[in-house]
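upload-v8.txt follows (compact mmCIF, C-alpha atoms):
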# COMPACT_ATOMS: atom_id res chain seq x y z
CA MET A 1 -230.00 75.33 -78.88
CA VAL A 2 -230.32 71.87 -77.35
CA THR A 3 -229.46 68.54 -78.98
CA VAL A 4 -232.33 66.05 -78.65
CA ILE A 5 -233.99 62.98 -80.14
CA GLY A 6 -237.72 62.27 -80.31
CA VAL A 7 -238.93 59.07 -78.66
CA ARG A 8 -242.36 57.46 -78.84
CA PHE A 9 -243.50 54.74 -76.42
CA LYS A 10 -246.75 53.70 -78.09
CA LYS A 11 -248.00 53.54 -81.65
CA ALA A 12 -249.40 57.00 -82.48
CA GLY A 13 -248.37 58.12 -79.01
CA LYS A 14 -247.01 61.52 -78.06
CA ILE A 15 -243.38 62.22 -78.98
CA TYR A 16 -241.10 63.12 -76.07
CA TYR A 17 -237.67 64.74 -76.34
CA PHE A 18 -234.60 63.24 -74.66
CA SER A 19 -230.92 64.09 -74.63
CA PRO A 20 -228.97 61.54 -76.76
CA ASN A 21 -226.18 61.71 -74.17
CA ASP A 22 -223.41 61.46 -76.83
CA ILE A 23 -224.83 58.15 -78.10
CA ASP A 24 -225.11 57.69 -81.87
CA ILE A 25 -228.84 57.08 -82.20
CA GLN A 26 -230.61 56.86 -85.54
CA LYS A 27 -234.29 57.07 -86.39
CA GLY A 28 -235.85 53.61 -85.87
CA ASN A 29 -233.47 52.54 -83.09
CA LYS A 30 -234.98 51.16 -79.89
CA VAL A 31 -233.76 52.95 -76.79
CA ILE A 32 -233.92 52.75 -73.00
CA VAL A 33 -234.65 56.13 -71.45
CA GLU A 34 -235.23 57.65 -68.04
CA THR A 35 -238.70 59.18 -67.54
CA VAL A 36 -240.67 60.58 -64.63
CA ARG A 37 -242.35 57.15 -64.38
CA GLY A 38 -239.05 55.30 -64.30
CA ILE A 39 -237.05 53.39 -66.91
CA GLU A 40 -238.93 52.98 -70.21
CA PHE A 41 -238.47 51.20 -73.55
CA GLY A 42 -239.20 53.31 -76.63
CA GLU A 43 -238.47 53.90 -80.30
CA CYS A 44 -236.55 56.85 -81.73
CA VAL A 45 -238.87 58.47 -84.30
CA ILE A 46 -236.91 61.74 -84.68
CA GLY A 47 -233.16 61.51 -85.16
CA ILE A 48 -230.60 63.72 -83.47
CA LYS A 49 -231.37 67.39 -84.07
CA GLU A 50 -231.13 70.77 -82.38
CA ILE A 51 -234.16 72.69 -81.10
CA LYS A 52 -234.72 75.83 -79.06
CA GLU A 53 -234.67 75.52 -75.28
CA ASP A 54 -238.21 76.96 -75.16
CA ASP A 55 -239.49 73.85 -76.98
CA ILE A 56 -238.44 71.39 -74.29
CA VAL A 57 -239.71 70.65 -70.80
CA SER A 58 -236.90 71.08 -68.30
CA PRO A 59 -235.08 69.22 -66.93
CA LEU A 60 -234.37 67.23 -70.09
CA LYS A 61 -234.07 63.50 -69.36
CA SER A 62 -231.33 61.43 -70.99
CA VAL A 63 -231.09 58.27 -73.04
CA ILE A 64 -229.52 55.52 -70.95
CA ARG A 65 -228.51 53.23 -73.82
CA LYS A 66 -229.57 51.65 -77.05
CA ALA A 67 -231.92 48.75 -76.43
CA THR A 68 -230.47 45.25 -76.66
CA ASP A 69 -232.15 42.03 -77.78
CA GLY A 70 -232.67 41.24 -74.12
CA ASP A 71 -234.48 44.55 -73.64
CA ALA A 72 -236.76 43.79 -76.60
CA GLU A 73 -237.59 40.37 -75.14
CA LYS A 74 -238.39 41.95 -71.78
CA ASP A 75 -240.70 44.44 -73.50
CA CYS A 76 -242.55 41.56 -75.18
CA GLU A 77 -242.80 39.80 -71.82
CA ASN A 78 -244.30 42.96 -70.31
CA LYS A 79 -246.91 43.02 -73.09
CA ARG A 80 -247.89 39.45 -72.20
CA LYS A 81 -248.11 40.33 -68.51
CA GLU A 82 -250.32 43.31 -69.35
CA LYS A 83 -252.93 40.99 -70.87
CA GLU A 84 -252.91 38.83 -67.74
CA ALA A 85 -253.16 41.90 -65.50
CA TYR A 86 -256.13 43.12 -67.54
CA GLU A 87 -258.08 39.93 -66.82
CA VAL A 88 -257.19 40.04 -63.12
CA CYS A 89 -258.32 43.64 -62.81
CA LEU A 90 -261.62 42.90 -64.58
CA GLU A 91 -262.29 40.18 -62.05
CA LYS A 92 -261.52 42.50 -59.12
CA ILE A 93 -263.73 45.28 -60.53
CA HIS A 94 -266.61 42.82 -60.79
CA LYS A 95 -265.93 41.60 -57.26
CA HIS A 96 -266.14 45.11 -55.80
CA GLU A 97 -269.10 46.03 -58.07
CA LEU A 98 -267.45 49.25 -59.20
CA ASP A 99 -269.09 51.41 -61.88
CA MET A 100 -266.02 51.74 -64.10
CA LYS A 101 -264.84 50.42 -67.47
CA LEU A 102 -261.29 49.09 -67.72
CA ILE A 103 -259.64 50.20 -70.97
CA ASP A 104 -255.97 49.25 -70.89
CA VAL A 105 -253.10 48.11 -68.66
CA GLU A 106 -249.49 49.21 -68.93
CA TYR A 107 -246.34 47.98 -67.19
CA THR A 108 -243.34 50.27 -66.89
CA PHE A 109 -240.24 48.68 -68.41
CA ASP A 110 -238.62 48.08 -65.03
CA ASN A 111 -241.90 46.63 -63.63
CA ASN A 112 -241.78 49.29 -60.93
CA LYS A 113 -245.40 50.27 -61.58
CA VAL A 114 -248.56 48.92 -63.21
CA ILE A 115 -250.96 51.52 -64.62
CA PHE A 116 -254.63 50.70 -65.15
CA TYR A 117 -256.56 53.05 -67.46
CA PHE A 118 -260.33 53.27 -67.02
CA THR A 119 -263.35 55.40 -67.82
CA ALA A 120 -266.26 56.24 -65.53
CA ASP A 121 -269.16 58.68 -65.48
CA GLY A 122 -268.08 60.16 -62.17
CA ARG A 123 -265.65 59.66 -59.31
CA VAL A 124 -264.96 56.08 -58.25
CA ASP A 125 -263.83 54.93 -54.80
CA PHE A 126 -261.27 52.32 -55.82
CA ARG A 127 -259.22 52.19 -52.61
CA GLU A 128 -260.14 48.58 -51.89
CA LEU A 129 -259.47 47.68 -55.52
CA VAL A 130 -255.96 49.13 -55.29
CA LYS A 131 -255.26 47.09 -52.16
CA ASP A 132 -256.35 43.88 -53.89
CA LEU A 133 -254.27 44.64 -56.99
CA ALA A 134 -251.20 45.51 -54.91
CA ALA A 135 -251.53 42.20 -53.08
CA VAL A 136 -251.61 40.32 -56.40
CA PHE A 137 -248.87 42.15 -58.33
CA ARG A 138 -246.70 43.22 -55.37
CA THR A 139 -245.67 46.49 -57.00
CA ARG A 140 -246.90 50.07 -57.21
CA ILE A 141 -250.41 50.38 -58.61
CA GLU A 142 -251.83 53.43 -60.38
CA LEU A 143 -255.43 53.76 -61.57
CA ARG A 144 -255.81 56.57 -64.08
CA GLN A 145 -259.19 57.84 -65.28
CA ILE A 146 -259.19 58.91 -68.94
CA GLY A 147 -261.67 60.62 -71.26
CA VAL A 148 -263.63 59.22 -74.18
CA ARG A 149 -261.13 60.50 -76.75
CA ASP A 150 -258.23 58.72 -75.03
CA GLU A 151 -260.38 55.59 -74.82
CA ALA A 152 -260.98 55.65 -78.58
CA LYS A 153 -257.25 56.16 -79.19
CA MET A 154 -256.33 53.14 -77.05
CA VAL A 155 -259.04 50.79 -78.29
CA GLY A 156 -258.89 51.78 -81.97
CA GLY A 157 -261.42 50.89 -84.64
CA LEU A 158 -262.84 52.21 -87.91
CA GLY A 159 -264.04 55.78 -88.26
CA PRO A 160 -267.18 56.95 -90.11
CA CYS A 161 -265.05 57.19 -93.27
CA GLY A 162 -264.33 53.44 -93.14
CA ARG A 163 -260.61 53.89 -92.44
CA PRO A 164 -258.75 53.18 -89.17
CA MET A 165 -259.20 56.07 -86.76
CA CYS A 166 -256.64 58.87 -87.09
CA CYS A 167 -256.03 59.06 -83.34
CA SER A 168 -254.99 55.40 -83.14
CA THR A 169 -252.84 55.38 -86.28
CA PHE A 170 -250.85 58.61 -86.58
CA LEU A 171 -252.15 61.48 -84.39
CA GLY A 172 -249.65 61.94 -81.58
CA GLU A 173 -251.71 64.60 -79.82
CA PHE A 174 -255.32 65.78 -79.98
CA ALA A 175 -255.74 69.18 -81.64
CA PRO A 176 -258.59 71.48 -80.54
CA VAL A 177 -261.72 71.00 -82.66
CA SER A 178 -264.83 73.21 -82.49
CA ILE A 179 -268.34 73.26 -83.92
CA LYS A 180 -267.34 76.50 -85.63
CA MET A 181 -265.09 74.48 -87.95
CA ALA A 182 -268.01 72.37 -89.14
CA LYS A 183 -270.03 75.49 -89.88
CA GLU A 184 -267.19 77.20 -91.76
CA GLN A 185 -266.77 74.08 -93.91
CA ASN A 186 -270.51 74.07 -94.75
CA LEU A 187 -271.00 70.66 -93.17
CA SER A 188 -274.27 69.36 -91.82
CA LEU A 189 -274.72 70.35 -88.17
CA ASN A 190 -276.31 66.99 -87.46
CA PRO A 191 -274.31 65.63 -84.48
CA THR A 192 -274.38 62.08 -85.86
CA LYS A 193 -272.60 63.22 -89.04
CA ILE A 194 -269.80 65.32 -87.54
CA SER A 195 -268.94 63.29 -84.45
CA GLY A 196 -266.60 60.33 -84.31
CA ILE A 197 -266.76 57.01 -82.47
CA CYS A 198 -265.75 58.78 -79.24
CA GLY A 199 -268.88 60.95 -79.43
CA ARG A 200 -266.86 64.14 -79.85
CA LEU A 201 -266.30 66.22 -82.98
CA MET A 202 -264.18 64.40 -85.56
CA CYS A 203 -260.47 65.29 -85.46
CA CYS A 204 -260.38 65.53 -89.27
CA LEU A 205 -262.43 68.75 -89.12
CA ASN A 206 -259.14 70.42 -88.22
CA TYR A 207 -257.15 69.18 -91.23
CA GLU A 208 -258.40 71.67 -93.83
CA GLN A 209 -259.50 74.45 -91.48
CA ASP A 210 -256.60 76.78 -92.30
CA THR A 211 -257.39 76.53 -96.01
CA TYR A 212 -261.09 77.23 -95.44
CA GLU A 213 -260.29 80.27 -93.30
CA LYS A 214 -257.90 81.63 -95.94
CA ILE A 215 -260.45 81.23 -98.76
CA ARG A 216 -263.37 82.65 -96.77
CA ARG A 217 -261.42 85.89 -96.23
CA THR A 218 -261.63 86.53 -100.00
CA LEU A 219 -265.06 85.00 -100.68
CA PRO A 220 -267.91 87.55 -101.10
CA THR A 221 -271.16 86.80 -99.27
CA VAL A 222 -274.45 86.23 -101.05
CA GLY A 223 -276.00 89.60 -101.93
CA SER A 224 -272.67 91.40 -102.40
CA VAL A 225 -272.03 93.40 -105.56
CA VAL A 226 -268.81 92.64 -107.43
CA ASP A 227 -266.90 93.70 -110.53
CA THR A 228 -266.13 90.81 -112.87
CA PRO A 229 -264.77 90.34 -116.41
CA TYR A 230 -268.44 90.23 -117.45
CA GLY A 231 -269.28 93.51 -115.73
CA ARG A 232 -270.86 94.46 -112.43
CA ALA A 233 -273.09 91.76 -110.93
CA GLU A 234 -274.71 90.43 -107.76
CA VAL A 235 -273.46 87.33 -105.90
CA ILE A 236 -276.22 84.71 -105.56
CA GLY A 237 -274.12 81.79 -104.36
CA ASN A 238 -270.57 80.90 -103.35
CA SER A 239 -268.40 77.80 -102.91
CA VAL A 240 -265.33 77.50 -100.72
CA VAL A 241 -264.37 74.17 -102.30
CA LYS A 242 -264.47 75.53 -105.87
CA GLU A 243 -263.13 78.94 -104.77
CA SER A 244 -265.78 80.56 -106.94
CA VAL A 245 -269.06 82.47 -106.79
CA LYS A 246 -272.22 82.44 -108.89
CA ILE A 247 -273.24 85.87 -110.11
CA LYS A 248 -276.45 87.19 -111.61
CA MET A 249 -276.04 89.65 -114.48
CA LYS A 250 -278.67 91.67 -116.23
CA LEU A 251 -278.52 91.51 -120.01
CA ASN A 252 -280.64 93.46 -122.46
CA GLY A 253 -283.90 94.54 -120.91
CA SER A 254 -285.08 92.23 -118.16
CA ASP A 255 -283.10 89.16 -119.18
CA GLU A 256 -280.68 87.72 -116.59
CA GLU A 257 -277.81 85.26 -116.83
CA ILE A 258 -276.12 83.14 -114.14
CA VAL A 259 -272.33 82.81 -114.47
CA GLU A 260 -269.74 81.14 -112.24
CA VAL A 261 -266.59 83.20 -111.63
CA LYS A 262 -263.36 82.42 -109.78
CA ILE A 263 -262.78 84.66 -106.77
CA GLU A 264 -259.43 85.88 -108.10
CA ASP A 265 -261.27 87.35 -111.12
CA LEU A 266 -263.59 89.64 -109.17
CA THR A 267 -263.46 92.77 -107.02
CA LEU A 268 -265.83 93.52 -104.16
CA ILE A 269 -267.82 96.75 -104.62
CA THR A 270 -270.42 96.60 -101.86
CA GLY A 271 -271.14 93.93 -99.25
CA ARG A 272 -268.60 91.93 -97.29
CA TYR A 273 -266.48 88.80 -97.28
CA GLU A 274 -267.50 85.55 -95.57
CA ASP A 275 -264.63 85.71 -93.06
CA ALA A 276 -265.09 83.84 -89.76
CA VAL A 277 -268.32 82.31 -88.45
CA ASN A 278 -269.86 83.81 -85.33
CA VAL A 279 -269.93 81.00 -82.78
CA GLU A 280 -272.99 82.43 -81.02
CA GLN A 281 -274.97 82.23 -84.26
CA VAL A 282 -273.99 78.59 -84.66
CA LYS A 283 -275.20 77.80 -81.14
CA THR A 284 -278.52 79.54 -81.76
CA LYS A 285 -279.18 77.60 -84.94
CA LEU A 286 -278.27 74.32 -83.28
CA ASP A 287 -280.50 74.98 -80.29
CA GLU A 288 -283.45 75.60 -82.61
CA LYS A 289 -283.13 72.07 -84.02
CA SER A 290 -284.93 70.36 -81.15
CA ASP A 291 -287.13 67.86 -83.04
CA ASN A 292 -285.20 65.08 -81.35
CA PRO A 293 -285.39 65.36 -77.52
CA GLU A 294 -281.81 64.04 -77.31
CA ASN A 295 -280.40 66.78 -79.56
CA PRO A 296 -279.80 69.39 -76.81
CA TYR A 297 -277.78 66.86 -74.79
CA ILE A 298 -275.80 65.65 -77.82
CA ILE A 299 -275.05 69.23 -78.87
CA LYS A 300 -273.78 70.10 -75.39
CA GLU A 301 -271.42 67.14 -75.59
CA LEU A 302 -270.10 68.33 -78.96
CA PHE A 303 -269.39 71.78 -77.56
CA LYS A 304 -267.10 70.35 -74.88
CA ASP A 305 -263.44 71.27 -75.27
CA LYS A 306 -261.44 68.79 -77.24

Target encoding structure tokens, full file:
Amino acid sequence: MVTVIGVRFKKAGKIYYFSPNDIDIQKGNKVIVETVRGIEFGECVIGIKEIKEDDIVSPLKSVIRKATDGDAEKDCENKRKEKEAYEVCLEKIHKHELDMKLIDVEYTFDNNKVIFYFTADGRVDFRELVKDLAAVFRTRIELRQIGVRDEAKMVGGLGPCGRPMCCSTFLGEFAPVSIKMAKEQNLSLNPTKISGICGRLMCCLNYEQDTYEKIRRTLPTVGSVVDTPYGRAEVIGNSVVKESVKIKMKLNGSDEEIVEVKIEDLTLITGRYEDAVNVEQVKTKLDEKSDNPENPYIIKELFKDK
């Protein structure tokens, strides 16, 4: 077991583990730590605890010290300098007529490096831009191309639900999201309804996926025959949200009655359970919806790995 603390450098950023180095550090303390990028200023979000060695990336870096008031002032000064650097870089990008979109600028705590984050449709030759920026800031310059999901996380905004985006408020890391999740949750496969501001599938599709998978393993498909407290009947509809099925029972003669039954109150006789969705079937159904000429392109974008 290894003794560590969890440190975060940005709001909703990834949590990194560091050795407390025999320093009494509590959750909420500001700390100065050594990273691969140099000296950084961060916040302890996980107090001292022990974890398995397999859960850390070796070698484990150490906490240098608790941050002082002077360190906090320097961090604020760096934030101010980042805004100025952003404007300078925008001007240089326009000067060189580069096809790139500047997203954010970040100074390392020791001012040893300035990192410029940008998006672009393809590769960008920014060698001349780097020379100009190095001449202005007289320090190491790094231009880092990021994806649309990272752009959304940095910029922030409101999601389709009307609330601040999850990625910019509390999601430390992006979890894999697939179109299969939307299908298993009986959501509309309209790309405009299941994609977020970034143009990729919404991260929230992953939140209830485990529950949906668990319920579907015990949910009979339409057409299955089941035993119920009312007798043997045929399933004509089912609901994952209600955890129930609608059954059709024959009464006297030709009369029929529709009853809703909880899945724990029935036993499958013939048929099968819903279980997992076949991804190939989802693709086929999506490809058939080609009324809008842009749909095939949008769907391909949604199928990209997240």

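Comparing the minimum interatomic distances between Gly156 (chain A) and each of A:Ile258, A:Ile247, A:Val33, A:Ile197, counting all atoms listed in the file, we find that A:Ile197 sits nearest.
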
> What's the 12 Å shell around Asn21 (chain A), counting only C-alpha atoms, without same-chain residues fewer than 6 positions away, as a list in words?
Replying inline: Val2, Thr3, Val4, Ile5, Val31, Ile32, Val33, Glu34, Ile48, Leu60, Lys61, Ser62, Val63, Ile64, Arg65 and Lys66 of chain A

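Of the residues listed (A:Ile25, A:Ile103, A:Ile215, A:Val225), A:Ile25 shows the shortest atom-to-atom separation from Lys49 (chain A); distances use only C-alpha atoms.
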
> Quick one: of A:Gly42, A:Arg140, A:Tyr107, A:Lys10, who's nearest to Tyr86 (chain A), counting all atoms listed in the file?
Replying inline: A:Tyr107

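Of the residues under consideration (A:Ser195, A:Thr108, A:Asn78, A:Asn186), A:Thr108 shows the shortest atom-to-atom contact distance to Thr35 (chain A) when counting all atoms listed in the file.
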
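With all atoms listed in the file as the basis for measurement, A:Phe126 is the residue among A:Asp75, A:Phe126, A:Val114, A:Ser188 that approaches Glu97 (chain A) most closely.
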
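Among the candidates A:Asp121, A:Glu184, A:Asp255, A:Glu82, the one nearest to Phe137 (chain A) when counting only C-alpha atoms is A:Glu82.
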
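For the pair CA of Val155 (chain A) and CA of Glu106 (chain A), the interatomic distance is 13.5 Å.
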
> Just how far from CA of Lys262 (chain A) is CA of Gly231 (chain A), in Å to one decimal?
Replying inline: 13.9 Å
